[in-house]
Every structure is written in structure tokens, then in C-alpha cells.
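The structure under discussion appears below in the form of C-alpha cells.
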There are 2 protein chains.
Amino acid sequence: MAKRMFLAGAALIACSTLVPNAPGSEAKRIWTLDDQLAVPEVRALAIAADGKNAAYVVHIAERESDHTVAVLRRVDLANGATRELLRARWVDQLSRIPGTADWSARIDKGDGVQLYRIGPTGAATPIVVHTATAIFGDSEGAVFPGYGHAPLRTGVRAHSWSPDGRRLFYVVVDAVPTSKAIRYDSRVTVERARRRSPGQAKASIYLREPDGTDILLGTRPQSDLTTFFDRSHVRWKKGEVQYDLMEVGADGQQRVVTMAWAFAGRKAQVLDPKVERVYWLLPGPRGGRLSSQGNGDTRDLVETLAGGKLQNYGRFDFAVGDGRAVGGFRSRDGKRSIAGTRTIDNPRFGLAVVENNGVRTIRGEHSLNHCDFVPSLDRGACIAQGQAAPPTVVAVDVGTGQIRRVAPVSPVHDGIEPLKIEPRTWVNRHGYTATGYVVWPRGYKKGQRYPAILVTHGTDADDRFANRENQWEYPIQLFAERGYVVLLVNDPSSRQNAEIRAVYDAWINETKDLPPETLRQLIWLNGVASYEDAVKELIDVGVIDAARVGIAGYSRGSQMVNVTMTNSHVFQAASSGDGGYLEPAFYADVAGSYDAVFGGPPTDPAALVHYRRLSPSLRANHVCGAILQQVAAPFIPSIDFHTALRKAGVPAQLSLYPGDDAASDETHIFHIPSNRSAAMQENIAWFDYWLLGKRDAGSPFADRYALWDKMGAAAPRCDAPEGEPRG
Amino acid sequence: MAKRMFLAGAALIACSTLVPNAPGSEAKRIWTLDDQLAVPEVRALAIAADGKNAAYVVHIAERESDHTVAVLRRVDLANGATRELLRARWVDQLSRIPGTADWSARIDKGDGVQLYRIGPTGAATPIVVHTATAIFGDSEGAVFPGYGHAPLRTGVRAHSWSPDGRRLFYVVVDAVPTSKAIRYDSRVTVERARRRSPGQAKASIYLREPDGTDILLGTRPQSDLTTFFDRSHVRWKKGEVQYDLMEVGADGQQRVVTMAWAFAGRKAQVLDPKVERVYWLLPGPRGGRLSSQGNGDTRDLVETLAGGKLQNYGRFDFAVGDGRAVGGFRSRDGKRSIAGTRTIDNPRFGLAVVENNGVRTIRGEHSLNHCDFVPSLDRGACIAQGQAAPPTVVAVDVGTGQIRRVAPVSPVHDGIEPLKIEPRTWVNRHGYTATGYVVWPRGYKKGQRYPAILVTHGTDADDRFANRENQWEYPIQLFAERGYVVLLVNDPSSRQNAEIRAVYDAWINETKDLPPETLRQLIWLNGVASYEDAVKELIDVGVIDAARVGIAGYSRGSQMVNVTMTNSHVFQAASSGDGGYLEPAFYADVAGSYDAVFGGPPTDPAALVHYRRLSPSLRANHVCGAILQQVAAPFIPSIDFHTALRKAGVPAQLSLYPGDDAASDETHIFHIPSNRSAAMQENIAWFDYWLLGKRDAGSPFADRYALWDKMGAAAPRCDAPEGEPRG
């Protein structure tokens, strides 16, 4: 039944022309597991030059094939009519083709990621098909690791159209065939941190001329991350195209250089970075680069001009330059720039329109993401979404700032009665603020105490819909449907004052400027204090049952979960996802970072003192709660933490979610729908069991209860004061 | 040219009938790289029941296919006529089929390892072909790691014929198909120490009845190592067949039980181990088990009878029970047993014939290995070989003790003028003896000083021909041809007195009974003293040039090389093969062992003191010499040692030899001929460069010289006293 419902939603989008839902026009339903799985991830949006329609790419889990598939849709911005143009293993780099009504995109139709032209009916014709393909992904021989997708055989890496549509800049990649060559030194030591042996590739940069001939501008080694990852930052100028390359000097230092290829002379030259460097990112109306500066609740919006001169546009409650916000646009006439914004409190995404006469913001009641604009920047289209608002295509009138709802991205999710999700800013015992949300259980009744789960992942608890980079495989919405209060809590902001910013800077820049104890207190224990105090506040007002509180987080969140569980007795159960930073065994792979955090390697007795204070596996005998780790690969730090927990008698489970085949792994952000579905169910089973004592004979994890019973019965008692090892 | 010579040898064996070479009848030649590569590894030998001929299996590197292939040959024991019966990816478990002139063996003809009958002309017909195959080898999804061979898809795991040849006991294995199932806990933590994810399999034990029907005796899980590895220890009794299984109790303890299957009743029962346990290994003539007991230069040969009673046959200069010696045989009438022996000084393999009236030895001037006997044990065939004597098939008359040369195994190697190789027993400064050999450079001139290379690998410097388990990819014979004195030095014997035996017992049995400092001194530094003193002895008598001394060893030898280089200044260059024991990062994988050696994990400050004294990577600043590591996989301990060496400015190279494909690795004992050839050439280039300052523009490693120059020039000076870190 659940499955049918899931399919029905997809079919609806695929086959029919839709008008926007009238909210409240029909009986709404509650969240299901399939709804969690089917949350659409919009990955790209492009508007036609005439502003009449837009195309967007959405990634959706497909249960039948057990793949996450990419769907390209076109939406009529006047009436919302939506049409599925195509469905493939992969679609990205969606772009309008100037001078036509067509789109271009990188698409994997089964023969690797290639460049296609997509016509109005969805017919895709090849533009560049390069059969020698290098793999991006978490598989043997991949040239670079993946990020939440199956291993992608890649022919075309990047492309860019000249504004007149007559020229095409593109990059193809060639894997160096797996050889039986011996690997030496750094090509071996690099594998310490990698589960899979890396392959090698080279990139070739081409320019397709108006007459269709292809000119090879150059070939690049794999060390050129700008070409392999940053799409070369192509800028089209009168008579030439400029693009960036990364050079690695003999000293190992990386530097980016800008090349200019003259169409007439057919020659490339290196631009002098002091004179001609153009900021591709967040261009301001004065030709400089926009950024937000300062600490605290408001930030200065500044344009850094050539020569270093600063233009200050004033102080605002938002920041630009956040990687999750919309990128920057500048109109052809240079008079208008648009930059994506993220508000500092209740983090929500919007737009700042920067003109010579000042700054205007365009913000709705929800976040605006994935925007694109017509060349004049007069009109655009965006995805609007919020914590409780499924993504919707909207049209934006830049002049008036008006936002008009056009079409839903996911009618399935529009059919769900929204949960009550409140933005919050918490102040902890040390005076540090952390933003986030309280997700109220469906049908919350005042006066009744509820179990709670706190979910944390760095800074991305913000106003987006069921964002997986925040909530991973923790089915927050289902938790709320099942009667849990869910707290989404960000790290205390690293920019709230100069002191904490200096601490984060020391960590990120690996300076060793500050003592390890300062980092431990202000980064890790400060976060623990925020979590504890956020929970206690809701305990104190009678909302949360103090005996039934869990915590979950992956990656950076996993760090925090592990530190929390080894320093706090507030949480009786935890789920820690695919992380292991802070474990001693990881030293060699992140030596610079650990040197900043711990003062040296764990084999240095002076530094070992700090590992023993902070590394979760060395504090396993402080844990009072059950700890689940879900991992995408059998990485050593996770294994070490699990082993230490079990040795200390802590109820613990280490669950490895397998890859697509024996030669590849699940990715840090899971991409295999059956793994995602199972991981969510495992989290439900884990918290229901350890917090509520509930068993569900129908859970796919029901066969684990016997072991959990045994571990629970054998767990040592937890009556020592916090901060002390258990007796 | 070298290649042609190599091929010519193989063709000769394959196509012609040979008479034994008359030594000295033709001009002999010196060793070549191809000779090193082509050293044949005899893996099995079986004699016909009538004693007229024997068959043997030899593994040979084949350059064309770049595979190590197995060759099955039959030799007429009367006239030495040798015929190649077949050549395949794999052949083992060679056995005569009782009552016929045929042989049976496990053979991989391309569809996995299956059981075949081989007729006199070499025609192989299937006996059991089981297509569901599990992989043994170092590849993704292999059920068990391999040992020096390419990943072996395996259908038939073991077989045994009843003495009348009418029944066949056999075991087939089925891989559990790779599933997308989540793996938990110990199935994840086990992967910490494994580069490749293990697969799962089950074994099925069958009895083929005289009428050809197959009866399933039982299925076994992968935890039954007796079935998966030890060929079930099948014993045929009147009316029944007995075989062993390994059970793993709920407490994780393994115990072996013996099953008896009655042919008539078609029922299996568990034998009472106290009453009916039969020792399959080294049976004595009184129905007990033979072993050697005591410490020192001679050992008691003892038969342990049922009930624990001991029969002492006297004190001898050999030991029985060494895994490298011939296994045990007992005649049908029970009156005679034959056990393989290994002499304690100048370790050479022979036979002890044990009868009720006493013990006789059969020993030639060379070692006897891989023997088989007719059922009466009156006659047998063996492989005879020595340090300088290529393997030869010999006939043994057990009654008279006469050994008769029958046919060469490798005419190619018989064509080489033997090197002068002398057995030695060295006594080090602490009074501990170590056995081994001095390999003299070709054309050695007294009065001239030579460079030297010491090769060590535990205890297997013994009287066998160019044994790879001792010399790995260190081309000892080529070193001698190139003017090096080579010392093959065993560890000081762990049984020379009770004190050192107790130390080794504490290590092997992981008892923590002795302080770490005692183990460090008596196991590792004692070995270093033996190496240093063996070298110094030859320096003192004017043979070795003290300024040009290298050391090499793999596995256990790699441990010793790494400890030697971080504690001694005698060696200017080292090659360390595929090892990393003693490195802190390896703790979790060998916790019990490290607890005995170091007193705890490296994160325990009290134990860290001991790691800092012994772990090579923590003593990198004591090294005065260049260190090459050749590895079969990017294992963390080797990487950590390399990183530490480079950080300390030590000239170092870490060379990873790849596997057959991206999903598999080279094995600990290399099995890929091109890797073997390259590794030997790398060792030559490495020692020639660092000891002699020689460059060979034709070496495949010539492109490394520039880097070696740079590392050499930047290396810190080594003028601090030994035992102190460099200044």
C-alpha cells in the first residue's frame, strides 16, 4: 500500500499537466516511510532567456530499480504546466542554450555522463559523447570519490556556452587505463585514508567553434582540481574566453591561474592575476566580489574591488557567500547583481539585489534556492521551500520583489498535513547561541511529556524541506508522527563573537595557535552544552520526558554525538552516522587537523593526554546510553569506537550499509534507496527500543532485539556523576 | 635472449623424455633473472601403489600469460622418463586412486577448482565439478585470504579415497551470493584488518558410494576451519569413515570433534574424544602421535599414546613435526611409521623410520621433501634438494635407506654452475646461536673485501633450493653473481634454552607473563645482535666491506629489518617486504599479541613507553640508511613507517605491487610473474645504488635515481652513537 502510494506520486508528475494545488482543498494525510524516501532533491534549475519557462532537475529514489534517478522537468511559468522531459541515471549542469529554446545538460543514459541537447519535447541529442570515461565515485579505480551518488562513469566533465550560443567550452576526461604499474610513495600513502584504490585520469579542454570544429585548448593532470571539480570558472569576454586552471608547484603549493583564449589568434595566454583577475563568484555591480564581513547578529555586505578597495553596502541580518545559498549573478549591463542570502537567525535563504544605489532583499515566507534569471536579471525562477513546506517552483519579479507560486515539485508531499516546526535560537549556560528548530509531535498535547530526539549536523538546520544534508537517514518527520519531539540544533555559531571565531579559525586553518583544551571547550563541549540546555529547557517546561531522550547526527554530527555521549548523561540512546573524526587511529590521515586539536600525534605522550580527554573511543567508560553507528564503509575510526564501547559494556551496534557491488561502497550521503529505507527503519527501531522499550515484530530489525536485550541487561549501571567514568 | 632461454627450459621438460643429467658433462652457466623467476616450486608428489612411477605438481612462473601456472608431471622411477601430463591455473591434492593407475587432483581448468581423474596420458576427466564456487584469495568477496596465488574460484575443497578406491569422501563449497544485506558488529570490525571485504560460503561434505550415488553427510558453516582448511583429516576405518569438524561454541571457543559415518547404517555419530581420538598427524607405530620434546641441540623423539602414556625413542639431532618437513605415514600393518625430520644444526630435511625396535634415519647429502610411499612403506619417492642443488626426483628404498637419483625437476637450473653456499652457526655476543648460510660471491677472491646483504626470515634459511618462503623476491643468487656476499641468517633458535623458549611462549601464547622489556631484548634485539655479529665476524676476517652492508627480509623478516634499521648502524641500506607488525596503528587487529609485547594499547600511557622503544615508526630518527618497502597492498603499518621515515629525512621508498585486477591484490608471497621480476630488479637497483653507488641506465627503476639522489643528499648525517637518535 505504501509502495503504491509512492508510485502514484511519481506517475502523477510524469504523465499529467498540473495546476498548482489549492492548499486545504482536500483531506491531508500524515508522513509515511515512503514520503521520507521520496523527498525530492532539486539539484539544478534554469530559466529560458525569454522567462516563459524553466527546467529543473530533481533526484528521486526509485524503489523498483533501487537507484536514485534524475528527472528533468520543464515548467510553464505562466500556468504551472509541468512536463517530465526525461529520466536518467544522472542529469546535471542544466543550462539554457543561448539563442535557442533548447537546454543542455550532462546526462548519463547508460554510456557514461555525456553532454546532450534537450528539445522542448524532451528528445535528447548528443552534443559531446566521449567514450573514454573516468569514474567519479566510491569504487575501485575511481579518480575521485563521489558525493552521494553511484559511481559515475564520466565522459564530459563540464561545459559552458558563449552568450551568443555560437561557441561551446567543454572538458572531457580520460581514465588512464588500470595498469599493472607499481605505485610509489605518495601514491601509496594516499590510500591510507581511502578504502578504494584511486585511478588516474587526465582532462582535455576543448573549444567548439561556430563552424563545429573542436580546438584542443590543453590537457590537464588530475592535480588540477579547478578543471576536475570547479568547472574551470569560464567567463566569456569580447573576443576571448577566460578560464581557470590549478597549477601545483614543485613545493606542492596549489595556485589558480587564469587563461585567456583569443578566438582570432587561436592562442592562450596567462592573465596577470594582479591586473586582470576576475571574480567569478558573487560578482558585485562594481566588478568586484561581494562578501559578508564581521561577527555577530548582523554582517557588513562588502564589495572588494580591484586593488583591494572596499565598498560597504551596510549592515544586514543576512550573510552572502554561503555555499547552500543561490550563487551570484550580474546583469549584462553590469548595473545589477543578485546574490543569495542566508539570514543569521532562523536561517532562511533569500536574495539580495545589489545596485549602485543600494541593496534590496527579496524574501518570501520560505527559502529561495536554485534560482536562475533572464540575462537582464529582471525576472527569475526559484525553488521555494521551508521546513514544513515542500519545494515549489516560483517566479520572481526582481523589480517588484514579488514571488509567485507556479507549480509544486512534489504533489505527494503537498498532500501531507504539515507538521508544526518552530524556529528557535537557544542560549546555553556559557552564553553561546545556537539556532535550530523544534519539530512538534503530531497532535501534541500540552501537559503531556514526550520522548525527544535531538538531531545535529553542524550548521544546516535551516529553512529547507526535509533536507537530507541535515537530517540524513534520521526520519525526523516520522519521529514526529510517532510522538517524539525532535530538536534540530545547529552548532553554536562560530561567528557570534571574536573569541569563538578565533577558536574555529585555529581549527580550520590548523594553526596550533591555541591550546587543545581551548578547542575542546569552545568547539566540542560548548556544543554539548547547547544540546543539553536545549533539552533541559523543554524538560523544565514539561514538554520532554527526561528519561527518554536520544541524539542523532552524521558526519560532523557524528563527531558531536560521540563527544556528547562520552561527556553527557542526558541522552539514553544515540545514532551516529558515518563519522569518526577525533579517533586516534585517524591521526595519519588528518595530521595537521589533529595537531591543532590535540597538539600532536597520539604517540606523543604530551598529546596523548588530550586524546584521552576528547577521543570518544578513549572515553567509552563514560557512556551511559546505547550507541548505534551506521556506516557507509568499514572505516577504522568507527570500528575502533564500536570495539571500545563493547569492551566497556556499552550497548552498541555497528551497521555497515553495502555498496552497489563488491567493488564500490555506499556513499557518505546514502544513494541506494534500499539502504536509505533500511537505515531509517533501523533508527526508528533503535530509538523506539532504547527510549520507549517498544518492539515492532514487523520491523526488519526485529531479529536484533534479542541481542539488544542481552546488551541492555549486561550494561554497567550509570550512577557515577557526569564527567566521571562509570563505577 | 634471456626470455628465450627461459622458454627453452620449459619446452624441454614439456616435450621430451629425459635421462638424468650427468653433472659436469657440459659447460655450465651463471644465474640470470629468468632463472630466479623460474625456480620451480614443487607442491605435491604422489607415488603409484606399485612404486613404478610417481606424479608431481610444480608451480612455475609463466612470463607470457603473466600467471604462475601448475604443471603436473609423471616420472618413471626406473628410468627417469618424465612426461608433462597437464598444465593448468591450479593443481593440488594430488593422490593416487587406489586400485587404478590413475591419479586424482583438484584442478582449475578455467571453471574453478574441481576434482578430476588423470589418466596415464594426462587426459583429465571430471570426478566432481561443482559450479557454485567460492573464492579463496585476496580479492573482494573472497571467503578466505589466499597464500601466494591468484584468487581461486573453488568448487571442490577436499577429497579422500577409501583404501580400496571404492568410496570417495569430498567437500564442495558454495559462496553465499553477494547480498545487499547490512553487515553488523563483528562482521564489520573484522574488516579493520582486511583490505578486501570478505564473502561468505558454506561447505557440503559428501560420500560417494561404490555405486556412484552421493550422500550428503552434512553442511558446514565458514567458522569450521577444519573443513574449510584442514581437509577434514579423513581416516578410513573398517565399515566407516572418520572425519573432523570444528565447532564454535557460544563462548566463541573452537573445538574439534571427530565424526564417524557408518557405511552400513548410513548414520554419523560423534566419537568420544577421550576414547577414540586418532591422531592423524605424525602417527607412531604404537598408534600414538610422534613429537620432539625438550630444548637444546638434541631432542627426545616421543610417542604420546592413548591415555597420555609416553614412549621415548631416544635423543636425536633432529626434530619431527616441522610444518616444512614431510608429513607422517604409517604402514597398513601398523608396524612402521615414517616421519619427516629437520636437523637442528644446518637445517636439512630427512626421514625417520620408526619401528617397534627403534628409529633409523634416512638422509642424503640434500634435503628430502614432498615424499610419498607405497602402502607397505617399503619404497617411496621424494624431492631431493639443497641450497645449491636444484630439486630432483629420487627413489627411496626404506629398507636399505638408499636414495637413488631419478630425474631432474628443472634441467634449466641443473645447467647453472652451483654457487658456493656454506652452512653456518653463529654465536652472538649474548651467547645465542643462530643457524644459516653464507652464499659466496661467484669467483670470490680471498683478501678482497665484498659488499654484503643479510637476508632473514624467521627460521627457514635451510637446505632447500632458492626457497621463496625464505628469500622472497630478494634474488640471493643474482646478488652472489653480482659480487655480494649474502648471509642467510635465521632467528636465534627459540628452543636453544628454557629462558628464550619461555619468552617466545609468552609472545606466541599472548600471556602477558613477562615484561615487555624482556621480549624486546630476547626476541628483537637478540636477533639484531645476531645479524650484527654475523656481519662483524666476516668484516673482522677481511671478507666484508663494513661500509657496504645491506639487510633484507619480508614478513617476520620485515619486522626484524625494521627493528634492525632503527637500532643498528651496521646496515647502510635495507629492503623490507610486506610487513608492519610492531607498528602502533596495527594494535586493534592484533590486540592480544601487542598486549604481550607492549603491555597494552598505544593509547595507554604506560604501554606507550614500550611502543616508543620498539615500534619502528616511532624510532625513525634513529635510522642511518635507506629503506625500501615493497608491499602487496597499501596496509597502514607500512604506510606509517614510510611516512615517519620521510618525515625524519631518511631516504625511503614505498613500492606497491598491484594485483591481477582492481578488485584483488598481489599476495603476501607474490604470485604475479611480472611483479616478481620487477621486485627482484628493484632490490638489485636499490642495493646497487645505496651500497655501491652504481646506476644501471637499463634498469626498469632507473627513473627513480633522481629522487634517490635528492633523498640521499638531504639525508641527515649519521654521526650519533648507536642507540641514540641522530643529532
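Quick note on naming: the chains in the C-alpha cells go A, B, ... in the order shown, residues restart at 1 in each chain, and ligands are numbered from 1 in order of appearance.
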Which residues of chain B come within 7 Å of chain A, and for each one, what is the closest pair of atoms and their distance in Å to one decimal, counting only C-alpha atoms, sorted by chain and residue number, as a tab-separated table?
```
residue	atom	partner	partner_atom	distance
B:Glu140	CA	A:Ala662	CA	6.1
B:Gly141	CA	A:Ala662	CA	6.6
B:Lys180	CA	A:Pro658	CA	6.0
B:Ile182	CA	A:Tyr657	CA	5.0
B:Arg183	CA	A:Leu656	CA	5.1
B:Tyr184	CA	A:Ser655	CA	4.7
B:Asp185	CA	A:Leu654	CA	4.8
B:Val188	CA	A:Pro634	CA	6.0
B:Thr189	CA	A:Ile639	CA	5.4
B:Glu191	CA	A:Pro634	CA	6.4
B:Arg192	CA	A:Ile636	CA	5.8
B:Ala585	CA	A:Ala585	CA	6.4
B:Pro602	CA	A:Thr603	CA	6.9
B:Thr603	CA	A:Leu608	CA	6.9
B:Pro605	CA	A:Pro605	CA	6.8
B:Leu608	CA	A:Thr603	CA	6.9
B:Pro634	CA	A:Val188	CA	6.0
B:Ile636	CA	A:Arg192	CA	5.8
B:Ile639	CA	A:Thr189	CA	5.4
B:Gln653	CA	A:Asp185	CA	6.0
B:Leu654	CA	A:Asp185	CA	4.8
B:Ser655	CA	A:Tyr184	CA	4.7
B:Leu656	CA	A:Arg183	CA	5.0
B:Tyr657	CA	A:Ile182	CA	5.0
B:Pro658	CA	A:Lys180	CA	5.9
B:Ala662	CA	A:Glu140	CA	6.1
B:Ala663	CA	A:Ala663	CA	6.3
```
- Would you mind listing what lies within 10 Å of Ser494 in chain B as a PyMOL selection string, with only C-alpha atoms counted and same-chain residues fewer than 4 positions away left out? chain B and resi 295-296+432-434+459+498-505+522-523
Limited to C-alpha atoms, could you put the picked residues into a file as a PDB file, in the first residue's frame?
```
ATOM      1  CA  ASN B 295      65.300 -27.770  24.254  1.00  0.00           C
ATOM      2  CA  GLY B 296      68.851 -27.528  23.001  1.00  0.00           C
ATOM      3  CA  TYR B 432      72.756 -17.195  21.499  1.00  0.00           C
ATOM      4  CA  THR B 433      73.187 -19.304  18.373  1.00  0.00           C
ATOM      5  CA  ALA B 434      71.545 -18.740  15.033  1.00  0.00           C
ATOM      6  CA  THR B 459      63.618 -19.913  10.671  1.00  0.00           C
ATOM      7  CA  ALA B 498      64.437 -22.726  28.584  1.00  0.00           C
ATOM      8  CA  GLU B 499      64.789 -18.977  29.104  1.00  0.00           C
ATOM      9  CA  ILE B 500      64.354 -17.968  25.476  1.00  0.00           C
ATOM     10  CA  ARG B 501      61.685 -20.585  24.969  1.00  0.00           C
ATOM     11  CA  ALA B 502      59.659 -19.052  27.799  1.00  0.00           C
ATOM     12  CA  VAL B 503      59.962 -15.666  26.126  1.00  0.00           C
ATOM     13  CA  TYR B 504      58.734 -16.964  22.787  1.00  0.00           C
ATOM     14  CA  ASP B 505      55.945 -18.861  24.520  1.00  0.00           C
ATOM     15  CA  LEU B 522      65.327 -11.529  23.867  1.00  0.00           C
ATOM     16  CA  ILE B 523      63.272 -11.607  20.701  1.00  0.00           C
TER      17      ILE B 523
END
```
Mind checking DSSP for range 639-720 of chain B and telling me the strand (DSSP E or B) residues as a PDB file with C-alpha atoms, in the first residue's frame?
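Okay, out38.pdb is ready:
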```
ATOM      1  CA  ALA B 652      62.882   5.708   1.732  1.00  0.00           C
ATOM      2  CA  GLN B 653      60.693   4.228  -0.942  1.00  0.00           C
ATOM      3  CA  LEU B 654      57.344   2.522  -0.587  1.00  0.00           C
ATOM      4  CA  SER B 655      56.530   0.393  -3.628  1.00  0.00           C
ATOM      5  CA  LEU B 656      53.110  -1.166  -4.021  1.00  0.00           C
ATOM      6  CA  PRO B 658      49.348  -4.310  -7.795  1.00  0.00           C
ATOM      7  CA  SER B 664      42.226  -8.062  -5.986  1.00  0.00           C
ATOM      8  CA  ASP B 665      45.714  -7.671  -4.611  1.00  0.00           C
TER       9      ASP B 665
END
```
Check the DSSP output for the backbone and give back, as a CSV table (one decimal) with N, CA and C atoms, in the first residue's frame, the residues of range 225-315 of chain A in helix (DSSP H, G or I).
```csv
chain,number,residue,atom,x,y,z
A,225,LEU,N,42.5,20.6,-9.7
A,225,LEU,CA,41.2,20.4,-9.2
A,225,LEU,C,40.2,21.5,-9.7
A,226,THR,N,40.7,22.6,-10.2
A,226,THR,CA,39.8,23.6,-10.8
A,226,THR,C,39.2,23.0,-12.0
A,227,THR,N,39.9,22.3,-12.8
A,227,THR,CA,39.4,21.7,-14.0
A,227,THR,C,38.6,20.5,-13.7
A,228,PHE,N,39.0,19.7,-12.8
A,228,PHE,CA,38.3,18.4,-12.5
A,228,PHE,C,37.1,18.6,-11.6
A,229,PHE,N,37.1,19.8,-10.9
A,229,PHE,CA,35.9,20.0,-10.0
A,229,PHE,C,35.2,21.3,-10.1
A,231,ARG,N,34.6,23.3,-12.7
A,231,ARG,CA,34.1,23.6,-14.0
A,231,ARG,C,34.9,24.8,-14.6
A,232,SER,N,36.1,25.0,-14.2
A,232,SER,CA,37.0,25.9,-14.9
A,232,SER,C,36.7,27.4,-14.8
A,233,HIS,N,35.6,27.7,-14.1
A,233,HIS,CA,35.2,29.1,-13.9
A,233,HIS,C,35.2,29.9,-15.2
A,273,PRO,N,47.5,38.0,-12.7
A,273,PRO,CA,46.4,37.9,-11.6
A,273,PRO,C,46.2,39.3,-10.9
A,274,LYS,N,47.3,40.1,-10.9
A,274,LYS,CA,47.2,41.3,-10.2
A,274,LYS,C,46.3,42.3,-10.9
A,275,VAL,N,46.3,42.2,-12.3
A,275,VAL,CA,45.6,43.2,-13.1
A,275,VAL,C,44.3,42.7,-13.5
A,276,GLU,N,44.2,41.5,-14.0
A,276,GLU,CA,43.0,41.1,-14.7
A,276,GLU,C,42.2,40.0,-14.0
A,306,ALA,N,38.8,45.8,-7.5
A,306,ALA,CA,40.2,45.5,-7.9
A,306,ALA,C,41.1,46.5,-7.2
A,307,GLY,N,42.3,46.0,-6.8
A,307,GLY,CA,43.2,46.8,-6.0
A,307,GLY,C,42.9,46.7,-4.5
A,308,GLY,N,41.9,46.0,-4.1
A,308,GLY,CA,41.6,45.8,-2.7
A,308,GLY,C,40.7,46.8,-2.0
```
- Message: Considering only C-alpha atoms, can you say which of A:Met560, A:Val91, A:Leu45, A:Leu271 comes closest to Leu454 in chain A?
- Response: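 Nearest to Leu454 in chain A: A:Met560.
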- Message: List the spatial neighbours of Arg106 in chain B as a ChimeraX atom specification - criterion: any atom at most 9 Å away, only C-alpha atoms, same-chain residues fewer than 3 positions off excluded.
- Response: /B:90-94,113-116,156-159
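The space separating CA of Pro40 in chain A from CA of Ala407 in chain A comes to 14.1 Å.
Going from CA of Asp345 in chain A to CA of Glu422 in chain A covers 12.5 Å.
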